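K.L.:
Please find my_file_22.csv (CSV, C-alpha atoms) on the next line:
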chain,number,residue,atom,x,y,z
W,1,MET,CA,-8.6,26.0,12.2
W,2,THR,CA,-4.8,25.8,12.5
W,3,LEU,CA,-2.2,28.5,12.1
W,4,ARG,CA,-1.3,27.0,8.7
W,5,ASP,CA,-4.9,27.3,7.5
W,6,ILE,CA,-5.1,30.9,8.5
W,7,LEU,CA,-1.8,31.7,6.9
W,8,ASN,CA,-2.9,29.9,3.7
W,9,LYS,CA,-6.1,31.9,3.7
W,10,LEU,CA,-4.3,35.2,4.2
W,11,LEU,CA,-1.9,34.3,1.3
W,12,ARG,CA,-4.8,32.9,-0.7
W,13,ARG,CA,-3.0,29.7,-1.0
W,14,GLN,CA,-4.7,26.4,-1.5
W,15,GLN,CA,-5.7,24.7,1.8
W,16,SER,CA,-3.7,21.7,2.9
W,17,SER,CA,-4.4,18.4,1.2
W,18,ALA,CA,-5.2,16.8,4.6
W,19,THR,CA,-8.0,19.3,5.1
W,20,THR,CA,-9.3,18.7,1.6
W,21,ALA,CA,-9.1,14.9,2.2
W,22,LYS,CA,-11.1,15.3,5.5
W,23,GLU,CA,-13.8,17.4,3.9
W,24,ARG,CA,-14.2,15.1,0.9
W,25,LEU,CA,-14.4,12.1,3.1
W,26,GLN,CA,-17.0,13.6,5.4
W,27,LEU,CA,-19.2,14.4,2.4
W,28,VAL,CA,-18.8,11.1,0.6
W,29,LEU,CA,-19.4,9.1,3.9
W,30,ALA,CA,-22.6,11.0,4.6
W,31,HIS,CA,-23.9,9.8,1.3
W,32,ASP,CA,-22.5,6.2,1.7
W,33,ARG,CA,-24.0,5.9,5.2
W,34,SER,CA,-27.4,7.2,4.2
W,35,ASP,CA,-27.6,4.9,1.2
W,36,LEU,CA,-29.1,7.9,-0.7
W,37,SER,CA,-28.1,8.2,-4.3
W,38,PRO,CA,-27.2,11.7,-5.5
W,39,GLU,CA,-30.3,11.6,-7.8
W,40,LEU,CA,-32.6,10.8,-4.9
W,41,LEU,CA,-31.0,13.5,-2.8
W,42,ASP,CA,-31.5,16.0,-5.6
W,43,GLN,CA,-35.1,15.0,-6.0
W,44,MET,CA,-35.7,15.3,-2.2
W,45,ARG,CA,-34.0,18.7,-2.3
W,46,LYS,CA,-36.3,19.9,-5.0
W,47,GLU,CA,-39.4,18.7,-3.2
W,48,ILE,CA,-38.4,20.2,0.1
W,49,LEU,CA,-37.8,23.5,-1.6
W,50,GLU,CA,-41.2,23.3,-3.3
W,51,VAL,CA,-43.0,22.6,0.0
W,52,VAL,CA,-41.2,25.4,1.8
W,53,ALA,CA,-41.8,27.8,-1.1
W,54,LYS,CA,-45.6,27.3,-0.6
W,55,TYR,CA,-45.3,29.1,2.8
W,56,VAL,CA,-42.4,31.5,2.5
W,57,GLU,CA,-40.5,33.1,-0.3
W,58,ILE,CA,-37.1,31.6,-0.4
W,59,ASP,CA,-33.9,32.3,-2.3
W,60,LEU,CA,-33.8,29.2,-4.6
W,61,GLU,CA,-30.2,30.0,-5.6
W,62,GLU,CA,-28.9,30.2,-2.0
W,63,GLY,CA,-30.9,27.3,-0.6
W,64,ALA,CA,-28.9,24.2,0.3
W,65,VAL,CA,-30.0,20.8,1.5
W,66,SER,CA,-27.2,18.5,2.4
W,67,LEU,CA,-26.2,15.5,4.4
W,68,GLU,CA,-23.9,16.0,7.3
W,69,THR,CA,-22.4,13.3,9.5
W,70,GLU,CA,-20.9,13.2,13.0
W,71,ASP,CA,-20.2,10.3,15.2
W,72,ARG,CA,-21.7,7.9,12.6
W,73,MET,CA,-25.0,9.8,12.8
W,74,THR,CA,-26.2,11.3,9.6
W,75,ALA,CA,-28.3,14.4,9.6
W,76,LEU,CA,-30.2,16.1,6.8
W,77,VAL,CA,-29.4,19.8,7.0
W,78,ALA,CA,-31.4,22.4,5.1
W,79,ASN,CA,-30.3,26.0,5.0
W,80,LEU,CA,-33.0,28.0,3.3
W,81,PRO,CA,-32.6,31.8,3.5
W,82,ILE,CA,-36.1,33.4,3.6
W,83,LYS,CA,-36.6,36.5,1.4
W,84,ARG,CA,-39.9,37.5,2.9
W,85,VAL,CA,-43.0,36.0,4.4
W,86,PRO,CA,-45.9,36.8,2.2
W,87,SER,CA,-48.7,38.9,3.7
W,88,VAL,CA,-52.2,37.3,4.2
W,89,ASN,CA,-53.5,39.3,1.2
W,90,SER,CA,-50.9,38.1,-1.3
W,91,THR,CA,-51.4,34.5,-0.3
W,92,GLU,CA,-55.2,34.9,-0.9
W,93,LYS,CA,-54.5,36.4,-4.3
W,94,THR,CA,-52.5,33.4,-5.4
W,95,LYS,CA,-55.4,31.0,-4.4
G,1,MET,CA,-15.6,-24.2,23.6
G,2,ALA,CA,-13.4,-22.4,26.1
G,3,PRO,CA,-15.6,-19.4,27.0
G,4,LYS,CA,-12.6,-17.1,27.5
G,5,THR,CA,-11.3,-17.6,23.9
G,6,ARG,CA,-11.1,-14.2,22.2
G,7,ILE,CA,-12.1,-14.5,18.5
G,8,ILE,CA,-11.0,-11.5,16.6
G,9,LEU,CA,-11.6,-10.7,13.0
G,10,ILE,CA,-8.9,-8.5,11.3
G,11,CYS,CA,-10.5,-6.7,8.4
G,12,SER,CA,-10.2,-3.5,6.3
G,13,GLY,CA,-12.5,-3.6,3.3
G,14,LYS,CA,-9.8,-2.3,1.0
G,15,GLY,CA,-6.9,-4.7,0.1
G,16,GLY,CA,-3.3,-3.9,0.7
G,17,VAL,CA,-3.6,-1.9,3.9
G,18,GLY,CA,-1.9,-4.3,6.2
G,19,LYS,CA,-4.4,-6.9,7.4
G,20,THR,CA,-2.2,-9.9,7.0
G,21,THR,CA,0.9,-8.2,8.3
G,22,LEU,CA,-1.0,-7.1,11.4
G,23,THR,CA,-2.4,-10.7,11.9
G,24,ALA,CA,1.1,-12.2,11.6
G,25,ASN,CA,2.7,-9.6,14.0
G,26,LEU,CA,-0.1,-9.7,16.5
G,27,GLY,CA,-0.1,-13.5,16.5
G,28,ILE,CA,3.6,-13.7,17.2
G,29,ALA,CA,3.4,-10.9,19.9
G,30,LEU,CA,0.5,-12.6,21.7
G,31,ALA,CA,2.2,-15.9,21.6
G,32,LYS,CA,5.3,-14.3,23.1
G,33,GLN,CA,3.1,-13.1,25.9
G,34,GLY,CA,2.3,-16.7,26.6
G,35,MET,CA,-1.1,-16.8,24.9
G,36,LYS,CA,-1.9,-19.8,22.9
G,37,THR,CA,-2.8,-18.2,19.6
G,38,ALA,CA,-4.2,-19.5,16.4
G,39,VAL,CA,-4.1,-17.5,13.2
G,40,LEU,CA,-6.7,-18.5,10.6
G,41,ASP,CA,-6.3,-17.4,7.0
G,42,ALA,CA,-9.8,-16.8,5.8
G,43,ASP,CA,-8.7,-15.5,2.5
G,44,PHE,CA,-9.1,-18.6,0.4
G,45,GLY,CA,-8.7,-16.8,-2.8
G,46,LEU,CA,-5.4,-15.1,-2.2
G,47,ARG,CA,-3.8,-16.7,0.8
G,48,ASN,CA,-0.6,-15.1,2.1
G,49,LEU,CA,-0.5,-15.5,5.9
G,50,ASP,CA,1.7,-18.6,5.5
G,51,LEU,CA,4.2,-16.6,3.6
G,52,LEU,CA,4.4,-13.7,6.1
G,53,LEU,CA,4.9,-16.2,8.9
G,54,GLY,CA,7.6,-18.1,6.9
G,55,LEU,CA,5.5,-21.3,7.2
G,56,GLU,CA,4.7,-21.8,3.5
G,57,ASN,CA,6.9,-24.9,3.1
G,58,ARG,CA,5.4,-26.7,6.1
G,59,ILE,CA,1.8,-26.9,5.0
G,60,VAL,CA,0.4,-30.4,4.6
G,61,TYR,CA,-3.3,-30.0,5.2
G,62,THR,CA,-5.6,-27.0,5.1
G,63,ALA,CA,-8.9,-25.9,6.6
G,64,GLN,CA,-10.5,-27.7,3.6
G,65,GLU,CA,-9.3,-31.2,4.7
G,66,VAL,CA,-10.4,-30.4,8.3
G,67,LEU,CA,-13.9,-29.5,7.1
G,68,GLU,CA,-14.1,-32.5,4.8
G,69,GLU,CA,-12.9,-34.6,7.8
G,70,ALA,CA,-10.0,-35.9,5.7
G,71,CYS,CA,-7.7,-35.0,8.6
G,72,ARG,CA,-7.8,-33.9,12.2
G,73,LEU,CA,-7.4,-30.3,13.2
G,74,GLU,CA,-4.0,-31.1,14.8
G,75,GLN,CA,-2.7,-32.4,11.5
G,76,ALA,CA,-3.6,-29.2,9.7
G,77,LEU,CA,-2.3,-26.8,12.3
G,78,VAL,CA,1.2,-25.6,11.5
G,79,LYS,CA,3.1,-24.8,14.7
G,80,HIS,CA,5.7,-22.0,14.6
G,81,LYS,CA,9.1,-23.4,15.4
G,82,GLN,CA,10.5,-20.4,17.3
G,83,GLU,CA,7.2,-19.5,18.9
G,84,PRO,CA,5.3,-22.8,19.6
G,85,ASN,CA,2.4,-20.9,21.2
G,86,LEU,CA,1.5,-19.8,17.7
G,87,ALA,CA,-0.2,-22.1,15.1
G,88,LEU,CA,-1.5,-21.3,11.6
G,89,LEU,CA,-4.5,-22.9,10.1
G,90,PRO,CA,-3.9,-22.5,6.4
G,91,ALA,CA,-6.6,-21.4,4.0
G,92,GLY,CA,-8.0,-24.0,1.7
G,93,ASN,CA,-8.1,-24.1,-2.1
G,94,PRO,CA,-9.7,-21.2,-3.9
G,95,ARG,CA,-12.3,-23.6,-5.3
G,96,MET,CA,-13.6,-24.0,-1.7
G,97,LEU,CA,-15.1,-20.5,-2.0
G,98,GLU,CA,-17.9,-21.9,-4.1
G,99,TRP,CA,-19.3,-24.2,-1.3
G,100,LEU,CA,-17.9,-22.6,1.9
G,101,LYS,CA,-20.8,-21.3,4.0
G,102,PRO,CA,-20.8,-19.3,7.3
G,103,ASP,CA,-21.6,-22.5,9.2
G,104,ASP,CA,-18.3,-24.1,7.9
G,105,MET,CA,-16.4,-21.1,9.2
G,106,LYS,CA,-18.2,-21.3,12.6
G,107,ARG,CA,-17.2,-25.0,12.8
G,108,ILE,CA,-13.5,-24.3,12.2
G,109,VAL,CA,-13.5,-21.5,14.7
G,110,ASN,CA,-15.3,-23.6,17.3
G,111,LEU,CA,-12.7,-26.3,16.9
G,112,LEU,CA,-9.9,-23.8,17.4
G,113,SER,CA,-11.6,-22.1,20.4
G,114,ALA,CA,-11.4,-25.4,22.3
G,115,GLN,CA,-7.5,-25.2,22.3
G,116,PHE,CA,-6.5,-21.6,22.0
G,117,ASP,CA,-6.7,-18.3,24.0
G,118,TYR,CA,-6.8,-16.2,20.9
G,119,VAL,CA,-8.2,-16.9,17.4
G,120,LEU,CA,-7.2,-14.2,14.9
G,121,ILE,CA,-9.0,-14.4,11.6
G,122,ASP,CA,-7.3,-12.8,8.7
G,123,CYS,CA,-10.2,-11.5,6.7
G,124,PRO,CA,-10.2,-11.3,2.9
G,125,ALA,CA,-10.5,-7.9,1.3
G,126,GLY,CA,-13.9,-6.8,0.0
G,127,VAL,CA,-17.4,-7.1,1.5
G,128,GLU,CA,-18.6,-10.1,-0.4
G,129,ASP,CA,-19.0,-13.8,0.6
G,130,GLY,CA,-15.5,-14.3,1.9
G,131,PHE,CA,-16.1,-11.3,4.3
G,132,LYS,CA,-19.6,-12.6,5.3
G,133,ASN,CA,-18.3,-16.1,6.1
G,134,ALA,CA,-15.5,-14.6,8.3
G,135,VAL,CA,-17.8,-12.2,10.1
G,136,SER,CA,-20.3,-15.0,10.9
G,137,ALA,CA,-17.6,-16.8,13.0
G,138,THR,CA,-16.3,-13.8,15.0
G,139,LYS,CA,-17.1,-12.1,18.2
G,140,GLU,CA,-14.9,-9.0,18.0
G,141,ALA,CA,-13.1,-7.1,15.3
G,142,ILE,CA,-10.1,-5.0,14.6
G,143,VAL,CA,-10.5,-2.7,11.6
G,144,ILE,CA,-7.2,-1.6,10.1
G,145,THR,CA,-6.9,1.3,7.7
G,146,THR,CA,-4.4,3.8,6.4
G,147,PRO,CA,-4.7,7.6,6.4
G,148,GLU,CA,-5.8,7.6,2.8
G,149,VAL,CA,-9.3,8.6,1.5
G,150,SER,CA,-10.0,5.3,-0.2
G,151,ALA,CA,-8.9,3.1,2.7
G,152,VAL,CA,-10.9,5.2,5.2
G,153,ARG,CA,-14.0,5.1,3.0
G,154,ASP,CA,-13.8,1.3,2.7
G,155,ALA,CA,-13.2,1.0,6.4
G,156,ASP,CA,-16.3,3.0,7.1
G,157,ARG,CA,-18.3,0.6,5.0
G,158,VAL,CA,-16.9,-2.4,6.8
G,159,ILE,CA,-17.6,-0.8,10.2
G,160,GLY,CA,-21.3,-0.3,9.2
G,161,LEU,CA,-21.5,-4.0,8.2
G,162,LEU,CA,-19.8,-5.1,11.5
G,163,ASN,CA,-22.4,-3.1,13.4
G,164,THR,CA,-25.3,-4.7,11.6
G,165,HIS,CA,-23.8,-8.1,12.5
G,166,GLY,CA,-23.7,-7.1,16.1
G,167,ILE,CA,-19.9,-7.5,16.4
G,168,GLU,CA,-18.6,-5.9,19.6
G,169,PRO,CA,-16.2,-4.4,20.4
G,170,VAL,CA,-14.8,-3.1,17.1
G,171,GLN,CA,-11.5,-1.3,17.4
G,172,LEU,CA,-9.3,0.7,15.0
G,173,VAL,CA,-5.7,0.3,14.0
G,174,LEU,CA,-4.2,3.1,11.9
G,175,ASN,CA,-1.4,1.8,9.7
G,176,ARG,CA,1.4,3.4,7.8
G,177,VAL,CA,1.3,6.7,9.7
G,178,ARG,CA,3.9,9.2,8.5
G,179,PRO,CA,4.6,11.8,11.2
G,180,ARG,CA,6.3,14.2,8.9
G,181,MET,CA,3.5,14.3,6.4
G,182,ILE,CA,0.9,14.7,9.2
G,183,ALA,CA,3.0,17.6,10.6
G,184,SER,CA,3.0,19.4,7.2
G,185,GLN,CA,-0.7,18.6,6.9
G,186,GLU,CA,-0.3,16.5,3.8
G,187,MET,CA,-1.7,13.4,5.5
G,188,LEU,CA,-4.9,12.8,7.5
G,189,SER,CA,-4.0,12.9,11.2
G,190,VAL,CA,-4.8,10.3,13.7
G,191,ASP,CA,-7.5,12.5,15.2
G,192,ASP,CA,-8.9,13.2,11.7
G,193,VAL,CA,-9.4,9.4,11.1
G,194,THR,CA,-10.8,8.6,14.5
G,195,ASP,CA,-13.2,11.6,14.2
G,196,ILE,CA,-14.5,10.3,10.9
G,197,LEU,CA,-14.7,6.6,11.8
G,198,ALA,CA,-15.8,7.2,15.4
G,199,LEU,CA,-14.1,4.0,16.7
G,200,PRO,CA,-11.8,3.6,19.7
G,201,LEU,CA,-8.2,3.5,18.6
G,202,LEU,CA,-6.4,0.3,19.6
G,203,GLY,CA,-3.2,1.6,18.1
G,204,LEU,CA,-1.3,3.1,15.3
G,205,VAL,CA,1.6,1.7,13.3
G,206,LEU,CA,4.3,4.0,12.0
G,207,GLU,CA,5.4,3.7,8.4
G,208,ASP,CA,8.5,1.6,8.4
G,209,GLU,CA,10.7,0.0,5.7
G,210,GLN,CA,11.6,-2.8,8.1
G,211,VAL,CA,8.1,-4.2,7.5
G,212,ILE,CA,9.1,-5.0,3.9
G,213,VAL,CA,12.4,-6.5,5.0
G,214,SER,CA,10.5,-8.7,7.5
G,215,THR,CA,8.1,-10.0,4.9
G,216,ASN,CA,10.9,-10.7,2.6
G,217,ARG,CA,12.3,-13.0,5.2
G,218,GLY,CA,9.1,-14.5,6.5
G,219,GLU,CA,9.9,-13.3,10.0
G,220,PRO,CA,7.4,-10.9,11.5
G,221,LEU,CA,9.0,-7.9,13.2
G,222,THR,CA,7.7,-9.0,16.6
G,223,LEU,CA,9.5,-12.3,16.3
G,224,ASN,CA,13.0,-11.2,17.0
G,225,LYS,CA,13.7,-8.3,19.3
G,226,SER,CA,13.4,-5.7,16.7
G,227,THR,CA,13.4,-2.1,17.9
G,228,SER,CA,12.1,-0.7,14.6
G,229,PRO,CA,9.2,1.8,15.0
G,230,ALA,CA,6.6,-0.6,13.5
G,231,ALA,CA,7.8,-3.5,15.8
G,232,ARG,CA,7.2,-1.3,18.9
G,233,CYS,CA,3.8,-0.4,17.6
G,234,TYR,CA,2.7,-4.0,17.0
G,235,SER,CA,3.8,-5.1,20.4
G,236,ASN,CA,2.0,-2.2,22.0
G,237,ILE,CA,-1.2,-3.3,20.2
G,238,ALA,CA,-0.8,-6.9,21.5
G,239,ARG,CA,-0.3,-5.6,25.1
G,240,ARG,CA,-3.3,-3.3,24.9
G,241,LEU,CA,-5.4,-6.3,23.7
G,242,GLU,CA,-4.3,-8.0,26.9
G,243,GLY,CA,-5.6,-5.0,28.9
G,244,GLU,CA,-2.3,-3.2,29.6
G,245,ASP,CA,-2.6,0.5,29.6
G,246,ILE,CA,0.1,1.5,27.1
G,247,PRO,CA,0.0,5.2,26.0
G,248,LEU,CA,-0.2,5.8,22.2
G,249,ILE,CA,2.8,6.9,20.3
G,250,ASP,CA,2.5,10.6,19.5
G,251,PRO,CA,3.4,11.0,15.8
G,252,ALA,CA,4.2,14.7,16.5
G,253,LYS,CA,7.0,13.6,18.9
G,254,GLU,CA,8.5,11.2,16.4
G,255,GLY,CA,10.2,14.1,14.4
G,256,LYS,CA,12.6,16.0,16.5
G,257,GLY,CA,14.4,18.5,14.2
G,258,LEU,CA,13.8,22.2,14.0
G,259,GLY,CA,11.7,21.8,10.9
G,260,ASP,CA,9.4,19.4,12.8
G,261,LYS,CA,9.1,22.0,15.6
G,262,PHE,CA,8.0,24.6,13.0
G,263,ARG,CA,5.6,22.2,11.4
G,264,ARG,CA,4.0,21.5,14.8
G,265,LEU,CA,3.7,25.2,15.5
G,266,MET,CA,1.9,25.5,12.1
G,267,GLN,CA,-0.5,22.8,13.2
G,268,THR,CA,-1.5,24.5,16.4
G,269,LYS,CA,-5.2,24.8,16.6
G,270,ILE,CA,-6.2,28.4,16.9
G,271,PHE,CA,-10.0,27.9,16.8
Please lay out the structure from this file as structure tokens.

P.N.:
Amino acid sequence: MTLRDILNKLLRRQQSSATTAKERLQLVLAHDRSDLSPELLDQMRKEILEVVAKYVEIDLEEGAVSLETEDRMTALVANLPIKRVPSVNSTEKTK
Amino acid sequence: MAPKTRIILICSGKGGVGKTTLTANLGIALAKQGMKTAVLDADFGLRNLDLLLGLENRIVYTAQEVLEEACRLEQALVKHKQEPNLALLPAGNPRMLEWLKPDDMKRIVNLLSAQFDYVLIDCPAGVEDGFKNAVSATKEAIVITTPEVSAVRDADRVIGLLNTHGIEPVQLVLNRVRPRMIASQEMLSVDDVTDILALPLLGLVLEDEQVIVSTNRGEPLTLNKSTSPAARCYSNIARRLEGEDIPLIDPAKEGKGLGDKFRRLMQTKIF
């Protein structure tokens, strides 16, 4: 983060257009490089959330699955805040 | 084929970012360094390399006649009058695109390799057949881009394709760099672009109105002893290709006023 970015944040000004450009590029390239369409990624996101939700209670609103890229390597990154791990009893009830 | 011939594809994906200008300037600069250099216009649809080199009136035969064996390679090559180490092999007719195959391109490049130290291939824009033909004949590549989102995105796509074709090394040239805009963070910086594309940087070219003047005249900036910013950048790139260790121009040092100092301070990385 540069001095200008900090100043902009303090003054609640828009971030610089170069920073915006870099962020937008990193996002679009992660998709380009993985050859995953937004629909497929969305479907995968839903299925991952379903699987995880079987084991732990997660915050579906906060959960994020995204593609990140660094040095031409693309990674699938899931950030899923866990609300609570169900006790043994409650899992048996749902069966 | 002379094994030491360096065959370099100059490509970008997006059109209008400076492939042909780089090819013309590098060609002249390498020729000036004593390298026998051939520049090959692989853009059969929209040929322009002849125009930038000022050779448009001297074309008799093209790559098409060479392939059809209607003439010898020597007859088609257009030697540059001021810089006889440089020769242009003009692109053929746009109709050639229908039948031209990667093997044809390889044949032309093999013929050139026998006589030249460098073969620079000016690649057509896009990633379709014209690009595929050109890639099939090359060993190494220079990807040229500008600090704009569309150009960087297209460059990334091309880099991916070059990797799948096993082209090595692939180096980056960043064109049309505006130090003032970078200093005020209104343009992607050199580091931003190399971070994103993850390629070694062969050089950067500063934005320079003289480039337009030189194309008007058909005299690449490297031809006459121009001291304009872009001319320096192009000759530096040619010398780095020859293995010389020339430090990169620091865009931040190009602006020297008080305003530039302030902009640099604002750009200081805190964390």

K.L.:
One number please: atom CA of G:Lys101 to atom CA of G:Arg47, in Å, one decimal.

P.N.:
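Straight-line distance from atom CA of G:Lys101 to atom CA of G:Arg47 works out to 17.9 Å.
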
K.L.:
Measuring between only C-alpha atoms, which one of G:Cys123, G:Ala252, G:Val177, G:Leu112 shows the shortest distance to G:Ala230?

P.N.:
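Under the stated criterion, the closest residue is G:Val177.
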
K.L.:
So that I can check the surroundings of G:Ile237, please list as an MDAnalysis selection string every protein, DNA and RNA residue that reaches within 9 Å of it, counting all atoms listed in the file and ignoring chain neighbours fewer than 3 positions away.

P.N.:
chainID G and resid 26 29 173 202:205 232:234 240:242 246

K.L.:
Please check the contacts: residues of chain W at most 7 Å away from chain G, using only C-alpha atoms, listed as a PyMOL selection string.

P.N.:
chain W and resi 1-4+16-18+21-22+25-26+29+71-72

K.L.:
Could those selected residues go to a file with C-alpha atoms, as a compact mmCIF listing (two decimals), in the frame of the given file?

P.N.:
# COMPACT_ATOMS: atom_id res chain seq x y z
CA MET W 1 -8.60 26.00 12.20
CA THR W 2 -4.80 25.80 12.50
CA LEU W 3 -2.20 28.50 12.10
CA ARG W 4 -1.30 27.00 8.70
CA SER W 16 -3.70 21.70 2.90
CA SER W 17 -4.40 18.40 1.20
CA ALA W 18 -5.20 16.80 4.60
CA ALA W 21 -9.10 14.90 2.20
CA LYS W 22 -11.10 15.30 5.50
CA LEU W 25 -14.40 12.10 3.10
CA GLN W 26 -17.00 13.60 5.40
CA LEU W 29 -19.40 9.10 3.90
CA ASP W 71 -20.20 10.30 15.20
CA ARG W 72 -21.70 7.90 12.60

K.L.:
Smallest atom-to-atom distance to G:Glu69: which of G:Val119, G:Ile142, G:Ile108, G:Ala137, using only C-alpha atoms?

P.N.:
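The answer is G:Ile108, which sits nearest to G:Glu69.
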
K.L.:
Between atom CA of G:Asp104 and atom CA of G:Lys81, measure the distance and give it in Å to one decimal.

P.N.:
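We find that atom CA of G:Asp104 and atom CA of G:Lys81 lie 28.4 Å from each other.
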